[in-house]
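Undergrad: Here you go, final.cif (mmCIF, N, CA and C atoms):
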data_data
#
loop_
_atom_site.group_PDB
_atom_site.id
_atom_site.type_symbol
_atom_site.label_atom_id
_atom_site.label_comp_id
_atom_site.auth_asym_id
_atom_site.auth_seq_id
_atom_site.Cartn_x
_atom_site.Cartn_y
_atom_site.Cartn_z
ATOM 1 N N MET A 1 8.422 -17.065 2.979
ATOM 2 C CA MET A 1 8.678 -18.485 3.071
ATOM 3 C C MET A 1 7.423 -19.264 2.686
ATOM 4 N N TYR A 2 6.287 -18.891 3.262
ATOM 5 C CA TYR A 2 5.053 -19.600 2.959
ATOM 6 C C TYR A 2 4.703 -19.494 1.479
ATOM 7 N N ILE A 3 4.944 -18.329 0.919
ATOM 8 C CA ILE A 3 4.589 -18.093 -0.476
ATOM 9 C C ILE A 3 5.434 -18.970 -1.388
ATOM 10 N N SER A 4 6.749 -19.045 -1.132
ATOM 11 C CA SER A 4 7.600 -19.849 -2.005
ATOM 12 C C SER A 4 7.255 -21.331 -1.901
ATOM 13 N N VAL A 5 6.932 -21.793 -0.701
ATOM 14 C CA VAL A 5 6.530 -23.199 -0.535
ATOM 15 C C VAL A 5 5.247 -23.452 -1.301
ATOM 16 N N PHE A 6 4.295 -22.529 -1.176
ATOM 17 C CA PHE A 6 3.029 -22.704 -1.875
ATOM 18 C C PHE A 6 3.232 -22.682 -3.385
ATOM 19 N N LEU A 7 4.121 -21.822 -3.857
ATOM 20 C CA LEU A 7 4.379 -21.766 -5.295
ATOM 21 C C LEU A 7 4.947 -23.084 -5.799
ATOM 22 N N ARG A 8 5.853 -23.662 -5.013
ATOM 23 C CA ARG A 8 6.409 -24.968 -5.412
ATOM 24 C C ARG A 8 5.320 -26.034 -5.466
ATOM 25 N N VAL A 9 4.466 -26.038 -4.448
ATOM 26 C CA VAL A 9 3.366 -27.010 -4.415
ATOM 27 C C VAL A 9 2.434 -26.787 -5.591
ATOM 28 N N ALA A 10 2.127 -25.528 -5.864
ATOM 29 C CA ALA A 10 1.240 -25.208 -6.981
ATOM 30 C C ALA A 10 1.869 -25.616 -8.305
ATOM 31 N N ALA A 11 3.168 -25.415 -8.443
ATOM 32 C CA ALA A 11 3.846 -25.802 -9.680
ATOM 33 C C ALA A 11 3.800 -27.318 -9.861
ATOM 34 N N LEU A 12 4.066 -28.065 -8.782
ATOM 35 C CA LEU A 12 3.995 -29.522 -8.867
ATOM 36 C C LEU A 12 2.568 -29.965 -9.165
ATOM 37 N N HIS A 13 1.614 -29.332 -8.501
ATOM 38 C CA HIS A 13 0.207 -29.669 -8.717
ATOM 39 C C HIS A 13 -0.170 -29.388 -10.160
ATOM 40 N N SER A 14 0.318 -28.285 -10.704
ATOM 41 C CA SER A 14 0.015 -27.912 -12.081
ATOM 42 C C SER A 14 0.551 -28.960 -13.050
ATOM 43 N N LYS A 15 1.771 -29.456 -12.796
ATOM 44 C CA LYS A 15 2.354 -30.491 -13.664
ATOM 45 C C LYS A 15 1.501 -31.760 -13.628
ATOM 46 N N LYS A 16 1.080 -32.132 -12.427
ATOM 47 C CA LYS A 16 0.238 -33.320 -12.296
ATOM 48 C C LYS A 16 -1.086 -33.117 -13.017
ATOM 49 N N GLU A 17 -1.635 -31.908 -12.904
ATOM 50 C CA GLU A 17 -2.897 -31.607 -13.577
ATOM 51 C C GLU A 17 -2.732 -31.693 -15.091
ATOM 52 N N ASP A 18 -1.603 -31.205 -15.617
ATOM 53 C CA ASP A 18 -1.349 -31.291 -17.051
ATOM 54 C C ASP A 18 -1.313 -32.748 -17.504
ATOM 55 N N GLU A 19 -0.642 -33.588 -16.706
ATOM 56 C CA GLU A 19 -0.588 -35.018 -17.033
ATOM 57 C C GLU A 19 -1.996 -35.616 -16.977
ATOM 58 N N TYR A 20 -2.738 -35.250 -15.932
ATOM 59 C CA TYR A 20 -4.088 -35.756 -15.767
ATOM 60 C C TYR A 20 -4.972 -35.295 -16.916
ATOM 61 N N PHE A 21 -4.798 -34.052 -17.337
ATOM 62 C CA PHE A 21 -5.583 -33.514 -18.427
ATOM 63 C C PHE A 21 -5.325 -34.301 -19.707
ATOM 64 N N THR A 22 -4.076 -34.654 -19.944
ATOM 65 C CA THR A 22 -3.736 -35.433 -21.138
ATOM 66 C C THR A 22 -4.409 -36.794 -21.090
ATOM 67 N N MET A 23 -4.377 -37.427 -19.921
ATOM 68 C CA MET A 23 -5.014 -38.735 -19.795
ATOM 69 C C MET A 23 -6.524 -38.609 -19.968
ATOM 70 N N SER A 24 -7.109 -37.565 -19.393
ATOM 71 C CA SER A 24 -8.551 -37.390 -19.487
ATOM 72 C C SER A 24 -8.980 -37.127 -20.921
ATOM 73 N N SER A 25 -8.145 -36.400 -21.652
ATOM 74 C CA SER A 25 -8.471 -36.115 -23.039
ATOM 75 C C SER A 25 -8.533 -37.403 -23.844
ATOM 76 N N ASP A 26 -7.635 -38.313 -23.511
ATOM 77 C CA ASP A 26 -7.644 -39.592 -24.213
ATOM 78 C C ASP A 26 -8.930 -40.353 -23.927
ATOM 79 N N ASP A 27 -9.390 -40.283 -22.686
ATOM 80 C CA ASP A 27 -10.607 -40.991 -22.306
ATOM 81 C C ASP A 27 -11.843 -40.276 -22.828
ATOM 82 N N GLY A 28 -11.722 -38.969 -23.067
ATOM 83 C CA GLY A 28 -12.874 -38.212 -23.540
ATOM 84 C C GLY A 28 -13.876 -37.935 -22.446
ATOM 85 N N ASP A 29 -13.455 -37.987 -21.188
ATOM 86 C CA ASP A 29 -14.349 -37.785 -20.063
ATOM 87 C C ASP A 29 -14.544 -36.291 -19.829
ATOM 88 N N LEU A 30 -15.689 -35.756 -20.246
ATOM 89 C CA LEU A 30 -15.952 -34.323 -20.148
ATOM 90 C C LEU A 30 -16.064 -33.838 -18.703
ATOM 91 N N GLU A 31 -16.584 -34.688 -17.837
ATOM 92 C CA GLU A 31 -16.730 -34.292 -16.432
ATOM 93 C C GLU A 31 -15.373 -34.059 -15.784
ATOM 94 N N ASN A 32 -14.440 -34.956 -16.022
ATOM 95 C CA ASN A 32 -13.092 -34.795 -15.472
ATOM 96 C C ASN A 32 -12.396 -33.579 -16.074
ATOM 97 N N GLN A 33 -12.636 -33.323 -17.343
ATOM 98 C CA GLN A 33 -12.040 -32.155 -17.986
ATOM 99 C C GLN A 33 -12.579 -30.864 -17.371
ATOM 100 N N ALA A 34 -13.867 -30.841 -17.084
ATOM 101 C CA ALA A 34 -14.469 -29.666 -16.462
ATOM 102 C C ALA A 34 -13.891 -29.444 -15.064
ATOM 103 N N GLU A 35 -13.726 -30.540 -14.313
ATOM 104 C CA GLU A 35 -13.124 -30.437 -12.983
ATOM 105 C C GLU A 35 -11.698 -29.912 -13.084
ATOM 106 N N LEU A 36 -10.971 -30.440 -14.044
ATOM 107 C CA LEU A 36 -9.585 -30.027 -14.234
ATOM 108 C C LEU A 36 -9.503 -28.550 -14.625
ATOM 109 N N GLU A 37 -10.383 -28.122 -15.485
ATOM 110 C CA GLU A 37 -10.396 -26.712 -15.886
ATOM 111 C C GLU A 37 -10.718 -25.822 -14.694
ATOM 112 N N GLU A 38 -11.637 -26.250 -13.858
ATOM 113 C CA GLU A 38 -11.990 -25.486 -12.659
ATOM 114 C C GLU A 38 -10.803 -25.424 -11.698
ATOM 115 N N LYS A 39 -10.132 -26.554 -11.503
ATOM 116 C CA LYS A 39 -8.953 -26.585 -10.628
ATOM 117 C C LYS A 39 -7.853 -25.686 -11.189
ATOM 118 N N THR A 40 -7.657 -25.738 -12.479
ATOM 119 C CA THR A 40 -6.633 -24.902 -13.111
ATOM 120 C C THR A 40 -6.978 -23.425 -12.945
ATOM 121 N N ARG A 41 -8.227 -23.099 -13.117
ATOM 122 C CA ARG A 41 -8.669 -21.714 -12.950
ATOM 123 C C ARG A 41 -8.432 -21.255 -11.513
ATOM 124 N N LEU A 42 -8.770 -22.101 -10.552
ATOM 125 C CA LEU A 42 -8.581 -21.750 -9.147
ATOM 126 C C LEU A 42 -7.098 -21.603 -8.806
ATOM 127 N N ILE A 43 -6.272 -22.486 -9.337
ATOM 128 C CA ILE A 43 -4.827 -22.390 -9.095
ATOM 129 C C ILE A 43 -4.286 -21.093 -9.671
ATOM 130 N N ASN A 44 -4.722 -20.749 -10.877
ATOM 131 C CA ASN A 44 -4.279 -19.492 -11.482
ATOM 132 C C ASN A 44 -4.745 -18.291 -10.656
ATOM 133 N N GLN A 45 -5.946 -18.382 -10.134
ATOM 134 C CA GLN A 45 -6.469 -17.296 -9.304
ATOM 135 C C GLN A 45 -5.654 -17.171 -8.013
ATOM 136 N N VAL A 46 -5.304 -18.294 -7.408
ATOM 137 C CA VAL A 46 -4.487 -18.284 -6.200
ATOM 138 C C VAL A 46 -3.110 -17.692 -6.496
ATOM 139 N N LEU A 47 -2.517 -18.079 -7.610
ATOM 140 C CA LEU A 47 -1.209 -17.543 -7.986
ATOM 141 C C LEU A 47 -1.274 -16.032 -8.220
ATOM 142 N N GLU A 48 -2.332 -15.586 -8.843
ATOM 143 C CA GLU A 48 -2.511 -14.151 -9.068
ATOM 144 C C GLU A 48 -2.649 -13.413 -7.737
ATOM 145 N N LEU A 49 -3.406 -13.988 -6.813
ATOM 146 C CA LEU A 49 -3.551 -13.383 -5.493
ATOM 147 C C LEU A 49 -2.226 -13.376 -4.732
ATOM 148 N N GLN A 50 -1.427 -14.410 -4.920
ATOM 149 C CA GLN A 50 -0.109 -14.448 -4.284
ATOM 150 C C GLN A 50 0.773 -13.327 -4.812
ATOM 151 N N HIS A 51 0.728 -13.098 -6.107
ATOM 152 C CA HIS A 51 1.518 -12.012 -6.688
ATOM 153 C C HIS A 51 1.057 -10.659 -6.138
ATOM 154 N N THR A 52 -0.252 -10.520 -6.001
ATOM 155 C CA THR A 52 -0.795 -9.292 -5.434
ATOM 156 C C THR A 52 -0.320 -9.122 -3.998
ATOM 157 N N LEU A 53 -0.327 -10.200 -3.237
ATOM 158 C CA LEU A 53 0.135 -10.165 -1.850
ATOM 159 C C LEU A 53 1.618 -9.795 -1.779
ATOM 160 N N GLU A 54 2.419 -10.365 -2.673
ATOM 161 C CA GLU A 54 3.847 -10.034 -2.717
ATOM 162 C C GLU A 54 4.038 -8.545 -3.013
ATOM 163 N N ASP A 55 3.267 -8.019 -3.965
ATOM 164 C CA ASP A 55 3.356 -6.598 -4.304
ATOM 165 C C ASP A 55 2.960 -5.723 -3.114
ATOM 166 N N LEU A 56 1.891 -6.108 -2.435
ATOM 167 C CA LEU A 56 1.448 -5.343 -1.267
ATOM 168 C C LEU A 56 2.470 -5.411 -0.137
ATOM 169 N N SER A 57 3.075 -6.578 0.061
ATOM 170 C CA SER A 57 4.101 -6.715 1.094
ATOM 171 C C SER A 57 5.301 -5.824 0.789
ATOM 172 N N ALA A 58 5.694 -5.789 -0.471
ATOM 173 C CA ALA A 58 6.814 -4.929 -0.870
ATOM 174 C C ALA A 58 6.458 -3.466 -0.631
ATOM 175 N N ARG A 59 5.229 -3.090 -0.929
ATOM 176 C CA ARG A 59 4.780 -1.709 -0.723
ATOM 177 C C ARG A 59 4.777 -1.362 0.770
ATOM 178 N N VAL A 60 4.310 -2.285 1.600
ATOM 179 C CA VAL A 60 4.302 -2.064 3.048
ATOM 180 C C VAL A 60 5.732 -1.866 3.554
ATOM 181 N N ASP A 61 6.658 -2.684 3.077
ATOM 182 C CA ASP A 61 8.058 -2.542 3.475
ATOM 183 C C ASP A 61 8.610 -1.178 3.070
ATOM 184 N N ALA A 62 8.282 -0.737 1.869
ATOM 185 C CA ALA A 62 8.756 0.565 1.395
ATOM 186 C C ALA A 62 8.176 1.701 2.241
ATOM 187 N N VAL A 63 6.902 1.585 2.596
ATOM 188 C CA VAL A 63 6.264 2.616 3.416
ATOM 189 C C VAL A 63 6.867 2.626 4.821
ATOM 190 N N LYS A 64 7.146 1.451 5.374
ATOM 191 C CA LYS A 64 7.784 1.383 6.693
ATOM 192 C C LYS A 64 9.148 2.064 6.662
ATOM 193 N N GLU A 65 9.907 1.794 5.622
ATOM 194 C CA GLU A 65 11.225 2.405 5.466
ATOM 195 C C GLU A 65 11.114 3.928 5.388
ATOM 196 N N GLU A 66 10.185 4.407 4.577
ATOM 197 C CA GLU A 66 9.973 5.841 4.433
ATOM 198 C C GLU A 66 9.534 6.459 5.758
ATOM 199 N N ASN A 67 8.687 5.752 6.491
ATOM 200 C CA ASN A 67 8.218 6.223 7.792
ATOM 201 C C ASN A 67 9.386 6.381 8.767
ATOM 202 N N LEU A 68 10.275 5.402 8.814
ATOM 203 C CA LEU A 68 11.440 5.488 9.694
ATOM 204 C C LEU A 68 12.329 6.670 9.316
ATOM 205 N N LYS A 69 12.507 6.865 8.021
ATOM 206 C CA LYS A 69 13.320 7.979 7.543
ATOM 207 C C LYS A 69 12.703 9.313 7.979
ATOM 208 N N LEU A 70 11.399 9.455 7.798
ATOM 209 C CA LEU A 70 10.719 10.693 8.172
ATOM 210 C C LEU A 70 10.746 10.922 9.682
ATOM 211 N N LYS A 71 10.607 9.855 10.467
ATOM 212 C CA LYS A 71 10.685 9.998 11.929
ATOM 213 C C LYS A 71 12.058 10.523 12.332
ATOM 214 N N SER A 72 13.085 9.976 11.711
ATOM 215 C CA SER A 72 14.446 10.408 11.999
ATOM 216 C C SER A 72 14.638 11.881 11.636
ATOM 217 N N GLU A 73 14.156 12.258 10.472
ATOM 218 C CA GLU A 73 14.251 13.657 10.050
ATOM 219 C C GLU A 73 13.484 14.569 10.999
ATOM 220 N N ASN A 74 12.326 14.133 11.467
ATOM 221 C CA ASN A 74 11.528 14.922 12.406
ATOM 222 C C ASN A 74 12.273 15.115 13.728
ATOM 223 N N GLN A 75 12.966 14.072 14.191
ATOM 224 C CA GLN A 75 13.736 14.195 15.427
ATOM 225 C C GLN A 75 14.854 15.215 15.263
ATOM 226 N N VAL A 76 15.546 15.170 14.135
ATOM 227 C CA VAL A 76 16.620 16.124 13.876
ATOM 228 C C VAL A 76 16.063 17.543 13.840
ATOM 229 N N LEU A 77 14.969 17.733 13.118
ATOM 230 C CA LEU A 77 14.355 19.060 13.038
ATOM 231 C C LEU A 77 13.860 19.527 14.406
ATOM 232 N N GLY A 78 13.278 18.643 15.181
ATOM 233 C CA GLY A 78 12.807 18.985 16.525
ATOM 234 C C GLY A 78 13.960 19.437 17.408
ATOM 235 N N GLN A 79 15.062 18.719 17.354
ATOM 236 C CA GLN A 79 16.237 19.095 18.136
ATOM 237 C C GLN A 79 16.789 20.443 17.674
ATOM 238 N N TYR A 80 16.808 20.654 16.374
ATOM 239 C CA TYR A 80 17.287 21.917 15.813
ATOM 240 C C TYR A 80 16.417 23.079 16.303
ATOM 241 N N ILE A 81 15.112 22.902 16.279
ATOM 242 C CA ILE A 81 14.187 23.941 16.738
ATOM 243 C C ILE A 81 14.387 24.210 18.233
ATOM 244 N N GLU A 82 14.534 23.155 19.014
ATOM 245 C CA GLU A 82 14.782 23.330 20.452
ATOM 246 C C GLU A 82 16.060 24.118 20.691
ATOM 247 N N ASN A 83 17.103 23.800 19.948
ATOM 248 C CA ASN A 83 18.372 24.518 20.089
ATOM 249 C C ASN A 83 18.208 25.993 19.722
ATOM 250 N N LEU A 84 17.475 26.266 18.642
ATOM 251 C CA LEU A 84 17.238 27.657 18.255
ATOM 252 C C LEU A 84 16.451 28.403 19.327
ATOM 253 N N MET A 85 15.436 27.729 19.867
ATOM 254 C CA MET A 85 14.605 28.357 20.894
ATOM 255 C C MET A 85 15.414 28.632 22.162
ATOM 256 N N SER A 86 16.262 27.710 22.540
ATOM 257 C CA SER A 86 17.049 27.913 23.760
ATOM 258 C C SER A 86 18.106 28.996 23.562
ATOM 259 N N ALA A 87 18.563 29.205 22.339
ATOM 260 C CA ALA A 87 19.564 30.238 22.060
ATOM 261 C C ALA A 87 18.940 31.618 21.906
ATOM 262 N N SER A 88 17.640 31.687 21.689
ATOM 263 C CA SER A 88 16.972 32.962 21.455
ATOM 264 C C SER A 88 16.403 33.509 22.761
ATOM 265 N N SER A 89 16.573 34.813 22.980
ATOM 266 C CA SER A 89 16.051 35.436 24.200
ATOM 267 C C SER A 89 14.523 35.529 24.177
ATOM 268 N N VAL A 90 13.934 35.473 23.031
ATOM 269 C CA VAL A 90 12.476 35.554 22.922
ATOM 270 C C VAL A 90 11.811 34.375 23.614
ATOM 271 N N PHE A 91 12.437 33.209 23.563
ATOM 272 C CA PHE A 91 11.822 31.997 24.109
ATOM 273 C C PHE A 91 12.325 31.651 25.511
ATOM 274 N N GLN A 92 13.135 32.504 26.110
ATOM 275 C CA GLN A 92 13.632 32.243 27.461
ATOM 276 C C GLN A 92 12.509 32.446 28.473
ATOM 277 N N THR A 93 12.532 31.684 29.562
ATOM 278 C CA THR A 93 11.535 31.848 30.607
ATOM 279 C C THR A 93 11.833 33.120 31.391
ATOM 280 N N THR A 94 10.890 33.589 32.178
ATOM 281 C CA THR A 94 11.078 34.825 32.948
ATOM 282 C C THR A 94 12.182 34.680 33.989
ATOM 283 N N GLU A 95 12.332 33.462 34.523
ATOM 284 C CA GLU A 95 13.389 33.230 35.507
ATOM 285 C C GLU A 95 14.758 33.438 34.861
ATOM 286 N N THR A 96 14.937 32.917 33.674
ATOM 287 C CA THR A 96 16.208 33.014 32.984
ATOM 288 C C THR A 96 16.504 34.477 32.654
ATOM 289 N N LYS A 97 15.504 35.229 32.217
ATOM 290 C CA LYS A 97 15.672 36.632 31.881
ATOM 291 C C LYS A 97 16.048 37.452 33.119
ATOM 292 N N SER A 98 15.404 37.176 34.260
ATOM 293 C CA SER A 98 15.699 37.926 35.473
ATOM 294 C C SER A 98 17.101 37.629 35.988
ATOM 295 N N LYS A 99 17.593 36.415 35.783
ATOM 296 C CA LYS A 99 18.940 36.046 36.198
ATOM 297 C C LYS A 99 19.982 36.790 35.371
ATOM 298 N N ARG A 100 19.680 37.044 34.115
ATOM 299 C CA ARG A 100 20.619 37.742 33.239
ATOM 300 C C ARG A 100 20.779 39.197 33.650
ATOM 301 N N LYS A 101 19.761 39.811 34.197
ATOM 302 C CA LYS A 101 19.789 41.237 34.560
ATOM 303 C C LYS A 101 20.517 41.499 35.815
#
If you took the structure in this file and wrote it as structure tokens, what would it be?

TA:
Amino acid sequence: MYISVFLRVAALHSKKEDEYFTMSSDDGDLENQAELEEKTRLINQVLELQHTLEDLSARVDAVKEENLKLKSENQVLGQYIENLMSASSVFQTTETKSKRK
């Protein structure tokens, strides 16, 4: 949500900067042009960082999903091993073995 709002603000800001740049070019004011170029560079850098953040967020979500899947598989395997151990006489306690005799 924050990212999309910021992108909209950045897009509007960029349009205003383009208009401002056109006006500044007419005036020939080099100082304003330098400021505008710096602002444009910073906006582009922020947008690039936002894209990186979006990519990292997507990766985190994918890893979380994979983690949940693996936890579930581990529980199934753990239960399977417990069932095998309880069915095998090798893993029975001494009390259980003595009761069988």

Undergrad: Take atom CA of Leu56 of chain A and atom CA of Ile43 of chain A and report the distance between them in Å, one decimal.

TA: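 A separation of 19.8 Å between them.
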
Undergrad: What's the separation between atom CA of Arg59 of chain A and atom CA of Arg41 of chain A, in Å to one decimal place?

TA: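 Separating atom CA of Arg59 of chain A from atom CA of Arg41 of chain A is a distance of 27.0 Å.
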
Undergrad: Atom N of Asn44 of chain A to atom C of Asn32 of chain A: how many Å, to one decimal?

TA: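 Between atom N of Asn44 of chain A and atom C of Asn32 of chain A the gap works out to 15.8 Å.
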